[in-house]
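Asker: This is input-v1.csv (CSV, C-alpha atoms).
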chain,number,residue,atom,x,y,z
A,25,MET,CA,-6.1,12.5,12.8
A,26,ASP,CA,-9.4,13.5,11.1
A,27,LYS,CA,-10.2,11.8,7.8
A,28,PRO,CA,-8.8,13.8,4.8
A,29,ARG,CA,-11.3,16.0,3.1
A,30,ILE,CA,-11.3,16.0,-0.7
A,31,LEU,CA,-12.7,18.6,-3.0
A,32,ILE,CA,-13.3,17.7,-6.7
A,33,VAL,CA,-13.9,20.7,-9.0
A,34,ASP,CA,-15.0,19.6,-12.5
A,35,ASP,CA,-18.1,20.3,-14.6
A,36,GLU,CA,-18.3,16.8,-15.9
A,37,LYS,CA,-20.7,15.3,-13.4
A,38,ASP,CA,-20.2,11.7,-14.6
A,39,LEU,CA,-16.5,12.0,-14.3
A,40,CYS,CA,-16.7,13.5,-10.8
A,41,THR,CA,-18.9,10.5,-9.8
A,42,LEU,CA,-16.4,8.0,-11.1
A,43,ILE,CA,-13.6,9.7,-9.3
A,44,LYS,CA,-15.7,9.9,-6.1
A,45,THR,CA,-16.5,6.2,-6.4
A,46,ALA,CA,-12.8,5.3,-6.8
A,47,LEU,CA,-11.9,7.4,-3.8
A,48,ILE,CA,-14.7,5.7,-1.7
A,49,LYS,CA,-13.3,2.3,-2.6
A,50,GLU,CA,-10.0,3.4,-1.3
A,51,GLY,CA,-11.6,4.3,2.0
A,52,PHE,CA,-12.1,8.0,1.7
A,53,SER,CA,-15.5,9.4,2.8
A,54,GLU,CA,-15.2,13.2,3.2
A,55,ILE,CA,-15.7,14.2,-0.4
A,56,ARG,CA,-17.4,17.2,-2.0
A,57,MET,CA,-17.9,18.2,-5.6
A,58,ALA,CA,-18.2,21.6,-7.4
A,59,GLY,CA,-18.7,22.4,-11.1
A,60,THR,CA,-17.3,25.9,-11.5
A,61,VAL,CA,-14.5,28.2,-10.3
A,62,ASN,CA,-16.9,30.2,-8.1
A,63,GLN,CA,-18.5,27.1,-6.6
A,64,GLY,CA,-15.1,25.6,-6.1
A,65,TRP,CA,-13.9,28.7,-4.2
A,66,GLU,CA,-17.1,28.7,-2.1
A,67,GLU,CA,-16.6,25.0,-1.2
A,68,PHE,CA,-13.0,25.6,-0.4
A,69,HIS,CA,-13.9,28.2,2.2
A,70,ASP,CA,-16.8,26.1,3.6
A,71,PHE,CA,-15.3,22.6,3.5
A,72,HIS,CA,-11.6,23.4,4.2
A,73,PRO,CA,-10.3,20.4,2.1
A,74,ASN,CA,-7.0,18.7,2.6
A,75,ILE,CA,-6.5,18.2,-1.1
A,76,VAL,CA,-8.2,19.6,-4.3
A,77,ILE,CA,-8.7,17.8,-7.6
A,78,LEU,CA,-9.1,20.6,-10.1
A,79,ASP,CA,-10.1,20.6,-13.8
A,80,VAL,CA,-8.3,23.1,-15.9
A,81,MET,CA,-11.3,24.0,-18.2
A,82,LEU,CA,-14.4,25.2,-16.3
A,83,PRO,CA,-17.5,27.0,-17.5
A,84,ASP,CA,-16.7,30.3,-15.8
A,85,GLY,CA,-12.9,30.3,-16.1
A,86,GLU,CA,-9.8,28.2,-15.7
A,87,GLY,CA,-8.7,26.0,-12.9
A,88,TYR,CA,-5.4,27.8,-13.0
A,89,ASP,CA,-7.1,30.9,-11.7
A,90,LEU,CA,-8.7,29.0,-8.8
A,91,CYS,CA,-5.4,27.4,-8.0
A,92,LYS,CA,-3.8,30.9,-7.7
A,93,LYS,CA,-6.5,32.0,-5.3
A,94,ILE,CA,-6.0,28.9,-3.2
A,95,ARG,CA,-2.2,29.4,-3.1
A,96,GLU,CA,-2.7,32.9,-1.7
A,97,ILE,CA,-4.1,31.4,1.5
A,98,SER,CA,-3.3,27.7,1.6
A,99,ARG,CA,-0.6,25.1,0.7
A,100,VAL,CA,-3.0,22.1,0.4
A,101,PRO,CA,-2.1,19.8,-2.5
A,102,VAL,CA,-3.7,20.6,-5.8
A,103,LEU,CA,-4.0,17.9,-8.5
A,104,PHE,CA,-4.9,19.2,-12.0
A,105,LEU,CA,-7.0,17.3,-14.4
A,106,SER,CA,-6.9,18.4,-18.1
A,107,ALA,CA,-7.7,17.4,-21.6
A,108,LYS,CA,-4.6,19.5,-22.6
A,109,THR,CA,-1.6,17.3,-23.2
A,110,GLU,CA,1.0,19.8,-24.3
A,111,GLU,CA,4.1,20.0,-22.1
A,112,VAL,CA,3.7,23.7,-21.7
A,113,ASP,CA,0.3,23.2,-20.1
A,114,LYS,CA,1.7,20.8,-17.6
A,115,ILE,CA,4.6,23.2,-16.8
A,116,LEU,CA,2.1,26.0,-16.3
A,117,GLY,CA,0.0,24.0,-14.0
A,118,LEU,CA,2.9,23.1,-11.8
A,119,ALA,CA,4.5,26.5,-12.0
A,120,ILE,CA,1.4,28.3,-10.5
A,121,GLY,CA,1.3,25.9,-7.6
A,122,GLY,CA,-0.1,22.6,-8.7
A,123,ASP,CA,1.4,19.5,-7.1
A,124,ASP,CA,0.4,17.0,-9.9
A,125,TYR,CA,-1.1,17.0,-13.4
A,126,ILE,CA,-3.1,14.2,-15.0
A,127,SER,CA,-4.0,14.3,-18.7
A,128,LYS,CA,-7.4,13.0,-19.8
A,129,PRO,CA,-8.4,10.3,-20.5
A,130,PHE,CA,-7.3,8.6,-17.3
A,131,SER,CA,-8.3,5.9,-14.9
A,132,PRO,CA,-10.3,7.1,-11.8
A,133,LYS,CA,-8.3,4.5,-9.8
A,134,GLU,CA,-5.1,6.3,-10.9
A,135,VAL,CA,-6.5,9.6,-9.6
A,136,ALA,CA,-7.3,7.9,-6.3
A,137,PHE,CA,-3.7,6.5,-5.9
A,138,ARG,CA,-2.2,9.9,-6.8
A,139,VAL,CA,-4.4,11.5,-4.1
A,140,LYS,CA,-3.1,9.0,-1.6
A,141,ALA,CA,0.5,9.8,-2.7
A,142,GLN,CA,0.0,13.6,-2.3
A,143,LEU,CA,-1.7,13.1,1.1
A,144,ARG,CA,1.2,11.0,2.3
A,145,ARG,CA,3.6,13.7,1.3
A,146,ALA,CA,1.5,16.3,3.2
A,147,GLY,CA,1.6,14.2,6.3
A,148,TYR,CA,-1.8,12.6,6.3
A,149,SER,CA,-2.3,8.9,6.9
A,150,THR,CA,-3.8,7.2,3.8
A,151,VAL,CA,-6.6,4.8,4.1
A,152,GLY,CA,-6.7,1.3,2.9
A,153,ALA,CA,-3.0,0.9,2.9
A,154,SER,CA,-0.8,-1.5,4.8
A,155,THR,CA,2.9,-2.3,4.9
A,156,SER,CA,2.5,-5.6,6.7
A,157,ASN,CA,-0.8,-7.3,6.3
A,158,LYS,CA,-0.8,-9.5,3.2
A,159,ASN,CA,-4.6,-9.7,3.1
A,160,GLU,CA,-5.1,-6.0,2.6
A,161,LYS,CA,-6.2,-4.9,-0.8
A,162,VAL,CA,-3.4,-2.4,-1.1
A,163,ILE,CA,0.2,-2.6,0.2
A,164,SER,CA,2.1,0.7,0.4
A,165,VAL,CA,5.8,0.8,1.0
A,166,GLY,CA,7.6,4.1,0.7
A,167,SER,CA,6.9,5.6,-2.7
A,168,PHE,CA,5.3,2.3,-4.0
A,169,SER,CA,1.8,0.9,-3.8
A,170,ILE,CA,0.5,-2.4,-5.2
A,171,ASN,CA,-3.1,-3.3,-5.8
A,172,GLN,CA,-3.2,-7.1,-5.1
A,173,GLU,CA,-6.6,-7.5,-6.7
A,174,ASP,CA,-5.7,-5.8,-10.0
A,175,THR,CA,-1.9,-6.4,-9.9
A,176,GLU,CA,-1.2,-2.7,-10.5
A,177,VAL,CA,1.9,-1.1,-9.1
A,178,MET,CA,2.2,2.6,-8.5
A,179,LYS,CA,5.2,4.8,-7.8
A,180,ASP,CA,4.5,8.2,-6.4
A,181,GLY,CA,0.8,7.7,-7.4
A,182,LYS,CA,1.7,7.0,-11.1
A,183,MET,CA,1.0,3.6,-12.6
A,184,LEU,CA,4.0,1.6,-13.7
A,185,GLU,CA,3.8,-0.4,-17.0
A,186,LEU,CA,5.0,-3.7,-15.7
A,187,THR,CA,4.7,-7.3,-17.0
A,188,ALA,CA,3.1,-10.0,-14.9
A,189,LYS,CA,6.5,-11.3,-13.8
A,190,GLU,CA,7.7,-7.8,-12.9
A,191,VAL,CA,4.6,-7.3,-10.8
A,192,GLY,CA,5.2,-10.6,-9.1
A,193,LEU,CA,8.8,-9.5,-8.2
A,194,MET,CA,7.6,-6.2,-6.8
A,195,ALA,CA,5.0,-8.0,-4.7
A,196,CYS,CA,7.8,-10.2,-3.2
A,197,PHE,CA,10.0,-7.2,-2.6
A,198,MET,CA,7.2,-5.0,-1.1
A,199,ARG,CA,6.1,-7.7,1.3
A,200,ASN,CA,9.7,-8.0,2.5
A,201,PRO,CA,11.2,-4.5,2.5
A,202,ASN,CA,14.9,-4.2,3.6
A,203,HIS,CA,15.2,-8.0,3.8
A,204,ILE,CA,17.5,-10.1,1.6
A,205,ILE,CA,15.5,-12.4,-0.6
A,206,SER,CA,17.4,-15.2,-2.3
A,207,LYS,CA,17.2,-15.9,-6.0
A,208,GLU,CA,15.8,-19.3,-5.2
A,209,THR,CA,12.9,-17.8,-3.2
A,210,LEU,CA,12.1,-15.2,-5.9
A,211,PHE,CA,12.1,-17.7,-8.7
A,212,ASN,CA,10.0,-20.1,-6.8
A,213,LYS,CA,7.4,-17.5,-5.8
A,214,VAL,CA,7.2,-15.7,-9.2
A,215,TRP,CA,7.7,-18.5,-11.6
A,216,GLY,CA,6.3,-21.3,-9.5
A,217,GLU,CA,9.2,-23.5,-10.3
A,218,GLU,CA,12.4,-24.7,-8.6
A,219,PHE,CA,15.4,-22.5,-9.3
A,220,TYR,CA,17.8,-25.0,-10.9
A,221,GLY,CA,20.3,-22.3,-11.7
A,222,ALA,CA,18.0,-20.2,-13.9
A,223,ASP,CA,20.1,-17.2,-13.0
A,224,ASN,CA,20.0,-15.5,-16.4
A,225,THR,CA,16.2,-15.4,-16.5
A,226,LEU,CA,16.0,-13.8,-13.1
A,227,THR,CA,18.8,-11.4,-13.8
A,228,VAL,CA,17.2,-10.2,-17.1
A,229,HIS,CA,13.8,-9.6,-15.3
A,230,ILE,CA,15.5,-7.7,-12.5
A,231,ARG,CA,17.3,-5.5,-15.0
A,232,ARG,CA,14.1,-4.7,-16.9
A,233,LEU,CA,12.3,-3.9,-13.6
A,234,ARG,CA,15.1,-1.6,-12.5
A,235,GLU,CA,14.7,0.3,-15.8
A,236,LYS,CA,11.1,1.0,-14.9
A,237,ILE,CA,11.4,1.9,-11.2
A,238,GLU,CA,14.9,3.3,-10.7
A,239,ASP,CA,15.9,6.9,-11.3
A,240,THR,CA,19.3,5.7,-12.6
A,241,PRO,CA,19.0,2.0,-13.5
A,242,SER,CA,22.8,1.6,-13.8
A,243,LYS,CA,23.1,2.8,-10.1
A,244,PRO,CA,20.0,1.2,-8.5
A,245,THR,CA,18.9,2.5,-5.1
A,246,TYR,CA,15.7,0.5,-4.7
A,247,ILE,CA,16.6,-3.0,-5.7
A,248,ILE,CA,20.1,-3.8,-4.5
A,249,THR,CA,22.2,-6.8,-5.4
A,250,VAL,CA,23.6,-8.6,-2.4
A,251,LYS,CA,26.5,-10.6,-3.8
A,252,GLY,CA,26.2,-14.3,-3.3
A,253,LEU,CA,22.9,-14.0,-1.4
A,254,GLY,CA,20.2,-12.4,-3.6
A,255,TYR,CA,18.5,-9.0,-3.7
A,256,ARG,CA,17.3,-6.4,-1.1
A,257,PHE,CA,14.4,-3.9,-1.7
A,258,ILE,CA,15.1,-0.6,0.0
A,259,PRO,CA,12.1,1.7,-0.2
A,260,LYS,CA,12.8,5.4,0.2
In C-alpha cells, write the structure found in this file.
Answerer:
Amino acid sequence: MDKPRILIVDDEKDLCTLIKTALIKEGFSEIRMAGTVNQGWEEFHDFHPNIVILDVMLPDGEGYDLCKKIREISRVPVLFLSAKTEEVDKILGLAIGGDDYISKPFSPKEVAFRVKAQLRRAGYSTVGASTSNKNEKVISVGSFSINQEDTEVMKDGKMLELTAKEVGLMACFMRNPNHIISKETLFNKVWGEEFYGADNTLTVHIRRLREKIEDTPSKPTYIITVKGLGYRFIPK
C-alpha cells in the first residue's frame, strides 16, 4: 500500500511546520501544506490526500466550508483544528462531516497520533507502530498506543491522563495482549518489588486505570479479572 498522503490546511505556518515535524517523526513523508480555503481545495485535487488536517478559521473563509466541498466528492478523514472550544463548534464540525476535532492549544504529537488513529480506521497501515517488537518507539494494540520514550498512552488518538504506575501497567498489558498476567508479575514489573501479598495496592491501581480507559468501568471489557490467576488485557 502506498504511503498515506496528508494535507495540512492552516494559515499559521509555524504551527503547520510543528505538525509536519511531528508527523515525520512518526514515519510519515507524503505531506503538503496550504494556508487558505482556495489553496486547500486546489491541493486536495492535485495531491489526493488520504487525510486532511483542517483549521476552522482561515483567511478566505471557514474550514467548515472546505470540509463540505470535500464531502461532496470524498470520504477521506478530516481532522479539525480550532481555537474555538465551545461544544456547539465541535458538534458543528462533526455534523458537517469531520471525523475528529482538536481544540487549540494542543501538542503536535497528539495530532500525529490522532492522524494514525484515523488512518487505521480508514484501513491504512500506520507507520512506526508495532504490536510485538518491544524495541519500537511506539506500540499499538487495538485502540491503544504507547510511546515508550515519553511514556504517553493514547486511546483512539486521544492522550490519556495516566500516572506513572498506570502507564507501567498499560505497558505490561499492551506487550502481552490476550494473555493472563499474574498479580505477582505485574507488581514486580511496575513496582520493581516482590509481591508479598500487596493485593490491595494493585487492585486500587487497576480500578483507577479502568476508570480512565473503560467505557463502563463497573463492567470492564479491556482489563478483565481472571479469578485466582490475575488479569487479561483484551484490546478491541
Asker: Which distance in Å separates atom CA of A:Phe71 and atom CA of A:Lys92, to one decimal?
Answerer: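 If I compute the distance from atom CA of A:Phe71 to atom CA of A:Lys92, I get 18.1 Å.
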Asker: So the first atom is atom CA of A:Pro28 and the second is atom CA of A:Gly181; what is the distance between them in Å, to one decimal place?
Answerer: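 Rounded to one decimal, the two atoms are 16.7 Å apart.
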Asker: Please measure the separation of atom CA of A:Val139 and atom CA of A:Ile237, giving the value in Å to one decimal.
Answerer: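 Between atom CA of A:Val139 and atom CA of A:Ile237 the gap is 19.8 Å.
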Asker: Excluding stretch 74-82 of chain A and any residue of its chain fewer than 2 positions from it, enumerate the residues within 6 Å of it, using all atoms listed in the file, and give them as a ChimeraX atom specification.
Answerer: /A:28-34,60,84-87,100-106
Asker: Looking at A:Lys207, A:Arg232, A:Lys108, A:Lys37, which one is nearest to A:Pro129, with distances taken over only C-alpha atoms?
Answerer: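 Looking at the shortest contact to A:Pro129, the residue is A:Lys108.
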Asker: Nearest residue to A:Thr227 out of A:Met198, A:Val177, A:Leu193, A:Leu116, using only C-alpha atoms?
Answerer: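 Ranking A:Met198, A:Val177, A:Leu193, A:Leu116 by distance to A:Thr227, first place goes to A:Leu193.
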